[in-house]
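Q: Got a file for you: start27.cif, mmCIF, C-alpha atoms.
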data_entry
loop_
_atom_site.group_PDB
_atom_site.id
_atom_site.type_symbol
_atom_site.label_atom_id
_atom_site.label_comp_id
_atom_site.auth_asym_id
_atom_site.auth_seq_id
_atom_site.Cartn_x
_atom_site.Cartn_y
_atom_site.Cartn_z
ATOM 1 C CA MET A 21 16.454 17.910 1.220
ATOM 2 C CA VAL A 22 16.669 15.553 4.182
ATOM 3 C CA ARG A 23 13.824 13.104 4.516
ATOM 4 C CA THR A 24 12.438 12.423 7.987
ATOM 5 C CA PRO A 25 12.843 8.743 8.916
ATOM 6 C CA LEU A 26 9.634 6.747 8.781
ATOM 7 C CA THR A 27 8.004 5.583 11.970
ATOM 8 C CA PRO A 28 7.454 1.883 12.646
ATOM 9 C CA GLU A 29 3.717 2.467 12.050
ATOM 10 C CA GLU A 30 4.428 3.990 8.636
ATOM 11 C CA HIS A 31 6.491 0.925 7.731
ATOM 12 C CA LEU A 32 3.678 -1.374 8.884
ATOM 13 C CA ARG A 33 1.103 0.612 6.889
ATOM 14 C CA GLY A 34 3.315 0.253 3.806
ATOM 15 C CA GLU A 35 3.549 -3.501 4.357
ATOM 16 C CA ARG A 36 -0.252 -3.731 4.712
ATOM 17 C CA LEU A 37 -0.715 -1.750 1.496
ATOM 18 C CA GLY A 38 1.750 -3.963 -0.362
ATOM 19 C CA ARG A 39 0.061 -7.137 0.875
ATOM 20 C CA LEU A 40 -3.380 -5.821 -0.107
ATOM 21 C CA LEU A 41 -2.187 -4.884 -3.591
ATOM 22 C CA ARG A 42 -0.543 -8.299 -4.104
ATOM 23 C CA GLU A 43 -3.737 -10.058 -3.002
ATOM 24 C CA ALA A 44 -5.896 -7.865 -5.271
ATOM 25 C CA ARG A 45 -3.565 -8.477 -8.216
ATOM 26 C CA GLY A 46 -3.938 -12.241 -7.797
ATOM 27 C CA SER A 47 -2.692 -14.087 -10.865
ATOM 28 C CA ARG A 48 -2.539 -10.977 -13.040
ATOM 29 C CA SER A 49 0.968 -9.973 -14.017
ATOM 30 C CA MET A 50 2.759 -7.147 -12.288
ATOM 31 C CA VAL A 51 3.641 -5.688 -15.696
ATOM 32 C CA ASP A 52 -0.007 -5.598 -16.829
ATOM 33 C CA ILE A 53 -1.246 -3.923 -13.633
ATOM 34 C CA ALA A 54 1.633 -1.425 -13.631
ATOM 35 C CA ARG A 55 0.982 -0.552 -17.271
ATOM 36 C CA SER A 56 -2.727 -0.147 -16.577
ATOM 37 C CA ALA A 57 -1.936 2.183 -13.657
ATOM 38 C CA GLY A 58 0.630 4.157 -15.649
ATOM 39 C CA ILE A 59 3.586 3.286 -13.428
ATOM 40 C CA SER A 60 6.653 1.118 -13.876
ATOM 41 C CA ALA A 61 6.665 -2.525 -12.854
ATOM 42 C CA GLU A 62 9.652 -1.707 -10.614
ATOM 43 C CA THR A 63 7.615 0.911 -8.749
ATOM 44 C CA LEU A 64 4.805 -1.607 -8.226
ATOM 45 C CA ARG A 65 7.340 -4.203 -7.065
ATOM 46 C CA LYS A 66 8.758 -1.746 -4.503
ATOM 47 C CA ILE A 67 5.285 -0.892 -3.202
ATOM 48 C CA GLU A 68 4.209 -4.543 -2.997
ATOM 49 C CA THR A 69 7.354 -5.534 -1.099
ATOM 50 C CA GLY A 70 7.218 -2.598 1.306
ATOM 51 C CA ARG A 71 10.448 -1.022 0.002
ATOM 52 C CA ALA A 72 8.380 2.059 -0.952
ATOM 53 C CA PRO A 73 6.089 2.297 2.096
ATOM 54 C CA THR A 74 4.798 5.811 1.362
ATOM 55 C CA PRO A 75 3.880 5.964 -2.338
ATOM 56 C CA ALA A 76 2.325 9.120 -3.747
ATOM 57 C CA PHE A 77 -1.443 9.484 -3.430
ATOM 58 C CA PHE A 78 -1.954 9.523 -7.207
ATOM 59 C CA THR A 79 0.105 6.336 -7.565
ATOM 60 C CA VAL A 80 -2.077 4.574 -4.998
ATOM 61 C CA ALA A 81 -5.238 5.930 -6.659
ATOM 62 C CA ALA A 82 -4.069 4.693 -10.076
ATOM 63 C CA LEU A 83 -3.284 1.246 -8.664
ATOM 64 C CA ALA A 84 -6.647 1.084 -6.917
ATOM 65 C CA GLY A 85 -8.367 1.875 -10.205
ATOM 66 C CA ALA A 86 -6.341 -0.724 -12.110
ATOM 67 C CA LEU A 87 -7.190 -3.349 -9.491
ATOM 68 C CA GLY A 88 -10.863 -2.430 -9.093
ATOM 69 C CA LEU A 89 -10.455 -1.310 -5.476
ATOM 70 C CA SER A 90 -12.014 1.757 -3.923
ATOM 71 C CA MET A 91 -9.878 4.249 -2.048
ATOM 72 C CA ASP A 92 -12.214 3.781 0.931
ATOM 73 C CA GLU A 93 -11.460 0.060 0.968
ATOM 74 C CA LEU A 94 -7.715 0.724 0.785
ATOM 75 C CA LEU A 95 -7.919 3.189 3.647
ATOM 76 C CA LEU A 96 -9.926 0.846 5.848
ATOM 77 C CA ARG A 97 -7.696 -2.142 5.160
ATOM 78 C CA CYS A 98 -4.399 -0.264 5.558
ATOM 79 C CA ALA A 99 -5.297 1.818 8.596
ATOM 80 C CA PRO A 100 -3.685 0.817 11.878
ATOM 81 C CA GLU A 101 -5.470 -1.554 14.166
ATOM 82 C CA PRO A 102 -7.462 0.392 16.754
ATOM 83 C CA ALA A 103 -5.922 0.382 20.194
ATOM 84 C CA VAL A 104 -7.781 -1.657 22.756
ATOM 85 C CA VAL A 105 -8.439 0.417 25.847
ATOM 86 C CA PRO A 106 -9.421 -1.534 28.952
ATOM 87 C CA LEU A 107 -12.665 -0.495 30.587
ATOM 88 C CA ALA A 108 -12.360 1.189 33.958
ATOM 89 C CA SER A 109 -13.709 -0.903 36.810
#
Hey, can you dump this file as structure tokens for me?
A:
Amino acid sequence: MVRTPLTPEEHLRGERLGRLLREARGSRSMVDIARSAGISAETLRKIETGRAPTPAFFTVAALAGALGLSMDELLLRCAPEPAVVPLAS
């Protein structure tokens, strides 16, 4: 199976997700959070660094639960910035 290349926006969304997860993890260890979410520390490392920019939904949901984040918050904070449309004069 050939995977379609990711768009620049998908890469940026993955970077935003990784940054948000790192911030939410704070001083807690990557191993502890990964274990709590039921994933490997290597998978969490890849997501946090943007090397896995499109993790599975259930992986993201498990990480959100382990970090005390809501899926709504993740969606809002990882969504692309809205485009600014100039007003017509």
Q: Compare A:Gly88, A:Gly46, A:Gly38, A:Pro25 by their minimum atom-to-atom distance to A:Ile67, counting all atoms listed in the file, and give me the closest one.
A: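 That would be A:Gly38, the residue with the smallest distance to A:Ile67.
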Q: I want to know what sits within 10 Å of A:Thr79, based on only C-alpha atoms, with residues of the same chain fewer than 4 positions away left out; could you give that as a list in words?
A: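 Here the answer would be Ala54, Ala57, Gly58, Ile59, Thr63, Leu64, Ile67, Pro75, Leu83, Ala84 and Gly85 of chain A.
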Q: Closest to A:Ala99 among A:Arg48, A:His31, A:Arg23, A:Arg36, using all atoms listed in the file?
A: A:Arg36
Q: Evaluate the PyMOL selection byres ((chain A and resi 26-28) around 12) against this structure - the residues, as number ranges by chain, please.
A: A: 23-25, 29-35, 71-74, 100
